Amino acid sequence: MKQITIQQNPHVSVDCVVFGFDGGKLHVVLVEKTNIPEGVSVARKHKLPGRLILTGEDPDEAARDVLETYTGISRQRLEQFHTFGSPSRMANQEDLEWIRNESGLPIDMVISVAYMAAIRISTKLRQLSSVFRPQWHAVDHLPELAFDNTRIVQKALLSLRKKLSLEPDSIFKLLPRKFTIQELRRLHETILGEQLDIRNFHKKVKQASYIEPLDEWESHVMHRAARYYRFSRKKYQSSTSSRWLTTRRGIGEEA
């Protein structure tokens, strides 16, 4: 991590929302506040990976540095999705005192440039960042977060839903390299926040040439073994049916 000194810009920060999927639920990476004075009780200790940017630092560069420093994840594509600047985001006294103590600056207001990424949840959050204690947390069961980080996660989820319609290939980063149709359907459902028609979803998947069936099935399961599939980016880029997810009707309901 870059040396954080008085060169910090006290008015601009970056925050990173990193999504992962465990086969049933959507998760995000949270870290814990550091440098909490001894004896001080903190109710809102969890936060998104983020920090103040340095004077003259490019926000994109800062976001990449934050992701690697706080989680150990490097070489991951981050996408800027929103800027948060409401004065109320600094209204909590506990959060305000913490950031002033952390930065050593008389901060009253910070504008945050937010980034998001989608990765496989199997990606290791390396121990080099153990001081921040990064952990996966289910989106539908988050602890109380510092600042307006809950709102940032909600906004990121809305952006992810939009990407599901406009760039359906982007969500395959959340799945293992081989997956079942049930896992793919559950991923759509957890992003959309609604149940989908199973038969129609299977029909739409089988019409998508870029979702390739493998000659492999689940093993060591109590239920009927499901077939594995994989995503073919080459076929996706050349497929005329690559926009089969453009509407919710196309996903879960018969026209």
# chains A, B, ... in the order shown; residues from 1 in each chain; ligands from 1
$ residues_around --residues "stretch 215-220 of chain A" --least-positions-apart "5" --cutoff "9 Å" --atoms "only C-alpha atoms" --output "list in words"
Thr180, Ala225, Ala226, Arg227, Tyr228 and Tyr229 of chain A
$ closest_atom_pairs --of "stretch 148-250 of chain A" --to "stretch 46-70 of chain A" --cutoff "9 Å" --atoms "only C-alpha atoms" --output "CSV"
residue,atom,partner,partner_atom,distance
A:Asn149,CA,A:Leu48,CA,6.5
A:Thr150,CA,A:Lys47,CA,8.8
A:Ile152,CA,A:Leu48,CA,8.9
A:Val153,CA,A:Leu48,CA,8.7
$ write_last_selection --atoms "C-alpha atoms" --output "CSV table (one decimal), in the first residue's frame"
chain,number,residue,atom,x,y,z
A,149,ASN,CA,-21.6,1.9,2.7
A,150,THR,CA,-24.9,0.1,2.8
A,152,ILE,CA,-23.2,2.0,-1.9
A,153,VAL,CA,-23.7,-1.8,-1.9
$ atom_distance --atom1 "atom CA of A:Arg230" --atom2 "atom CA of A:Ile121"
16.9 Å
$ residues_around --residues "A:Tyr236" --least-positions-apart "6" --cutoff "9 Å" --atoms "only C-alpha atoms" --output "JSON, numbers by chain"
{"A": [169, 208, 209, 210, 211, 242]}
$ closest_atom_pairs --of "stretch 67-183 of chain A" --to "stretch 201-207 of chain A" --cutoff "12 Å" --atoms "only C-alpha atoms" --output "Markdown table"
| residue | atom | partner | partner_atom | distance |
| --- | --- | --- | --- | --- |
| A:Pro168 | CA | A:Val205 | CA | 11.9 |
| A:Thr180 | CA | A:His202 | CA | 10.7 |
| A:Ile181 | CA | A:His202 | CA | 7.1 |
| A:Gln182 | CA | A:His202 | CA | 8.8 |
| A:Glu183 | CA | A:His202 | CA | 11.6 |
$ write_last_selection --atoms "N, CA and C atoms" --output "CSV table (one decimal), in the first residue's frame"
chain,number,residue,atom,x,y,z
A,168,PRO,N,-24.7,-9.7,-20.4
A,168,PRO,CA,-24.9,-11.0,-19.7
A,168,PRO,C,-23.6,-11.8,-19.5
A,180,THR,N,-23.6,-25.8,-13.0
A,180,THR,CA,-24.9,-26.5,-13.4
A,180,THR,C,-25.9,-25.4,-13.8
A,181,ILE,N,-26.9,-25.7,-14.5
A,181,ILE,CA,-28.0,-24.8,-14.8
A,181,ILE,C,-28.6,-24.2,-13.6
A,182,GLN,N,-28.8,-25.1,-12.6
A,182,GLN,CA,-29.4,-24.6,-11.3
A,182,GLN,C,-28.5,-23.5,-10.7
A,183,GLU,N,-27.2,-23.7,-10.7
A,183,GLU,CA,-26.3,-22.6,-10.2
A,183,GLU,C,-26.5,-21.3,-10.9
$ closest_residue --among "A:Gln80, A:Thr123, A:Gln93, A:Asn101" --to "A:Lys155" --atoms "only C-alpha atoms"
A:Gln80
$ closest_residue --among "A:Phe81, A:Phe179, A:Trp98, A:Phe132" --to "A:Lys163" --atoms "only C-alpha atoms"
A:Phe81
$ residues_around --residues "A:Leu105" --least-positions-apart "6" --cutoff "10 Å" --atoms "only C-alpha atoms" --output "ChimeraX atom specification"
/A:6,8-10,99
$ residues_around --residues "stretch 114-120 of chain A" --least-positions-apart "5" --cutoff "7 Å" --atoms "only C-alpha atoms" --output "ChimeraX atom specification"
/A:14-21,77-83,156,173-176
$ atom_distance --atom1 "atom CA of A:Leu164" --atom2 "atom CA of A:Lys178"
19.2 Å
$ decode --residues "stretch 161-176 of chain A" --atoms "all heavy atoms" --output "tab-separated table (two decimals), in the first residue's frame"
chain	number	residue	atom	x	y	z
A	161	ARG	N	-27.51	-5.58	-11.69
A	161	ARG	CA	-28.74	-6.00	-12.37
A	161	ARG	C	-28.80	-5.44	-13.79
A	161	ARG	O	-29.22	-6.13	-14.72
A	161	ARG	CB	-29.96	-5.52	-11.58
A	161	ARG	CG	-30.20	-6.29	-10.30
A	161	ARG	CD	-31.33	-5.70	-9.49
A	161	ARG	NE	-31.49	-6.42	-8.23
A	161	ARG	CZ	-32.25	-6.02	-7.22
A	161	ARG	NH1	-32.91	-4.87	-7.33
A	161	ARG	NH2	-32.35	-6.74	-6.12
A	162	LYS	N	-28.37	-4.21	-13.96
A	162	LYS	CA	-28.36	-3.61	-15.29
A	162	LYS	C	-27.38	-4.34	-16.20
A	162	LYS	O	-27.67	-4.59	-17.38
A	162	LYS	CB	-28.00	-2.13	-15.20
A	162	LYS	CG	-28.08	-1.38	-16.51
A	162	LYS	CD	-27.72	0.08	-16.35
A	162	LYS	CE	-28.75	0.80	-15.52
A	162	LYS	NZ	-28.48	2.27	-15.44
A	163	LYS	N	-26.22	-4.69	-15.66
A	163	LYS	CA	-25.22	-5.42	-16.44
A	163	LYS	C	-25.75	-6.79	-16.85
A	163	LYS	O	-25.41	-7.30	-17.91
A	163	LYS	CB	-23.92	-5.57	-15.64
A	163	LYS	CG	-23.14	-4.28	-15.50
A	163	LYS	CD	-21.90	-4.47	-14.63
A	163	LYS	CE	-20.84	-5.29	-15.33
A	163	LYS	NZ	-20.27	-4.60	-16.50
A	164	LEU	N	-26.57	-7.39	-15.99
A	164	LEU	CA	-27.15	-8.70	-16.31
A	164	LEU	C	-27.96	-8.63	-17.59
A	164	LEU	O	-27.98	-9.58	-18.38
A	164	LEU	CB	-28.03	-9.16	-15.14
A	164	LEU	CG	-28.71	-10.52	-15.26
A	164	LEU	CD1	-27.67	-11.63	-15.37
A	164	LEU	CD2	-29.62	-10.78	-14.06
A	165	SER	N	-28.63	-7.51	-17.82
A	165	SER	CA	-29.42	-7.33	-19.03
A	165	SER	C	-28.59	-6.88	-20.23
A	165	SER	O	-28.75	-7.39	-21.34
A	165	SER	CB	-30.52	-6.29	-18.78
A	165	SER	OG	-31.46	-6.75	-17.85
A	166	LEU	N	-27.67	-5.94	-19.99
A	166	LEU	CA	-26.92	-5.35	-21.10
A	166	LEU	C	-25.65	-6.12	-21.46
A	166	LEU	O	-25.24	-6.13	-22.62
A	166	LEU	CB	-26.56	-3.90	-20.76
A	166	LEU	CG	-27.74	-2.97	-20.49
A	166	LEU	CD1	-27.24	-1.57	-20.10
A	166	LEU	CD2	-28.66	-2.91	-21.70
A	167	GLU	N	-25.02	-6.73	-20.46
A	167	GLU	CA	-23.77	-7.48	-20.67
A	167	GLU	C	-23.85	-8.81	-19.95
A	167	GLU	O	-23.16	-9.03	-18.95
A	167	GLU	CB	-22.58	-6.68	-20.16
A	167	GLU	CG	-22.43	-5.29	-20.76
A	167	GLU	CD	-21.35	-4.49	-20.06
A	167	GLU	OE1	-20.31	-5.08	-19.69
A	167	GLU	OE2	-21.55	-3.28	-19.84
A	168	PRO	N	-24.69	-9.74	-20.41
A	168	PRO	CA	-24.88	-11.01	-19.70
A	168	PRO	C	-23.61	-11.82	-19.51
A	168	PRO	O	-23.53	-12.63	-18.59
A	168	PRO	CB	-25.91	-11.77	-20.56
A	168	PRO	CG	-25.89	-11.09	-21.89
A	168	PRO	CD	-25.54	-9.66	-21.62
A	169	ASP	N	-22.61	-11.59	-20.35
A	169	ASP	CA	-21.36	-12.35	-20.19
A	169	ASP	C	-20.63	-11.97	-18.92
A	169	ASP	O	-19.86	-12.77	-18.38
A	169	ASP	CB	-20.45	-12.11	-21.40
A	169	ASP	CG	-20.07	-10.64	-21.57
A	169	ASP	OD1	-20.97	-9.79	-21.48
A	169	ASP	OD2	-18.88	-10.36	-21.80
A	170	SER	N	-20.87	-10.76	-18.39
A	170	SER	CA	-20.11	-10.29	-17.23
A	170	SER	C	-20.37	-11.08	-15.98
A	170	SER	O	-19.50	-11.19	-15.11
A	170	SER	CB	-20.43	-8.80	-16.97
A	170	SER	OG	-21.80	-8.64	-16.66
A	171	ILE	N	-21.57	-11.68	-15.85
A	171	ILE	CA	-21.90	-12.38	-14.61
A	171	ILE	C	-21.27	-13.77	-14.52
A	171	ILE	O	-21.27	-14.39	-13.46
A	171	ILE	CB	-23.42	-12.45	-14.39
A	171	ILE	CG1	-24.10	-13.22	-15.52
A	171	ILE	CG2	-24.02	-11.07	-14.27
A	171	ILE	CD1	-24.49	-14.62	-15.16
A	172	PHE	N	-20.73	-14.28	-15.63
A	172	PHE	CA	-20.10	-15.59	-15.59
A	172	PHE	C	-18.80	-15.57	-14.78
A	172	PHE	O	-18.28	-16.62	-14.40
A	172	PHE	CB	-19.86	-16.11	-17.01
A	172	PHE	CG	-21.11	-16.55	-17.70
A	172	PHE	CD1	-21.81	-15.69	-18.51
A	172	PHE	CD2	-21.62	-17.83	-17.50
A	172	PHE	CE1	-22.99	-16.08	-19.13
A	172	PHE	CE2	-22.80	-18.24	-18.11
A	172	PHE	CZ	-23.49	-17.35	-18.94
A	173	LYS	N	-18.28	-14.36	-14.49
A	173	LYS	CA	-17.11	-14.25	-13.63
A	173	LYS	C	-17.42	-14.70	-12.21
A	173	LYS	O	-16.52	-15.02	-11.43
A	173	LYS	CB	-16.62	-12.80	-13.60
A	173	LYS	CG	-16.18	-12.25	-14.94
A	173	LYS	CD	-15.85	-10.77	-14.83
A	173	LYS	CE	-15.49	-10.16	-16.17
A	173	LYS	NZ	-15.24	-8.70	-16.05
A	174	LEU	N	-18.70	-14.70	-11.85
A	174	LEU	CA	-19.11	-15.07	-10.51
A	174	LEU	C	-19.26	-16.58	-10.33
A	174	LEU	O	-19.35	-17.08	-9.22
A	174	LEU	CB	-20.45	-14.41	-10.17
A	174	LEU	CG	-20.41	-12.89	-10.00
A	174	LEU	CD1	-21.81	-12.31	-10.09
A	174	LEU	CD2	-19.75	-12.51	-8.68
A	175	LEU	N	-19.28	-17.31	-11.45
A	175	LEU	CA	-19.48	-18.77	-11.40
A	175	LEU	C	-18.16	-19.51	-11.52
A	175	LEU	O	-17.19	-18.99	-12.07
A	175	LEU	CB	-20.39	-19.20	-12.56
A	175	LEU	CG	-21.86	-18.77	-12.48
A	175	LEU	CD1	-22.53	-18.96	-13.83
A	175	LEU	CD2	-22.59	-19.56	-11.40
A	176	PRO	N	-18.11	-20.76	-11.01
A	176	PRO	CA	-16.92	-21.58	-11.26
A	176	PRO	C	-16.81	-21.86	-12.75
A	176	PRO	O	-17.76	-21.64	-13.52
A	176	PRO	CB	-17.20	-22.86	-10.45
A	176	PRO	CG	-18.67	-22.88	-10.25
A	176	PRO	CD	-19.12	-21.45	-10.18
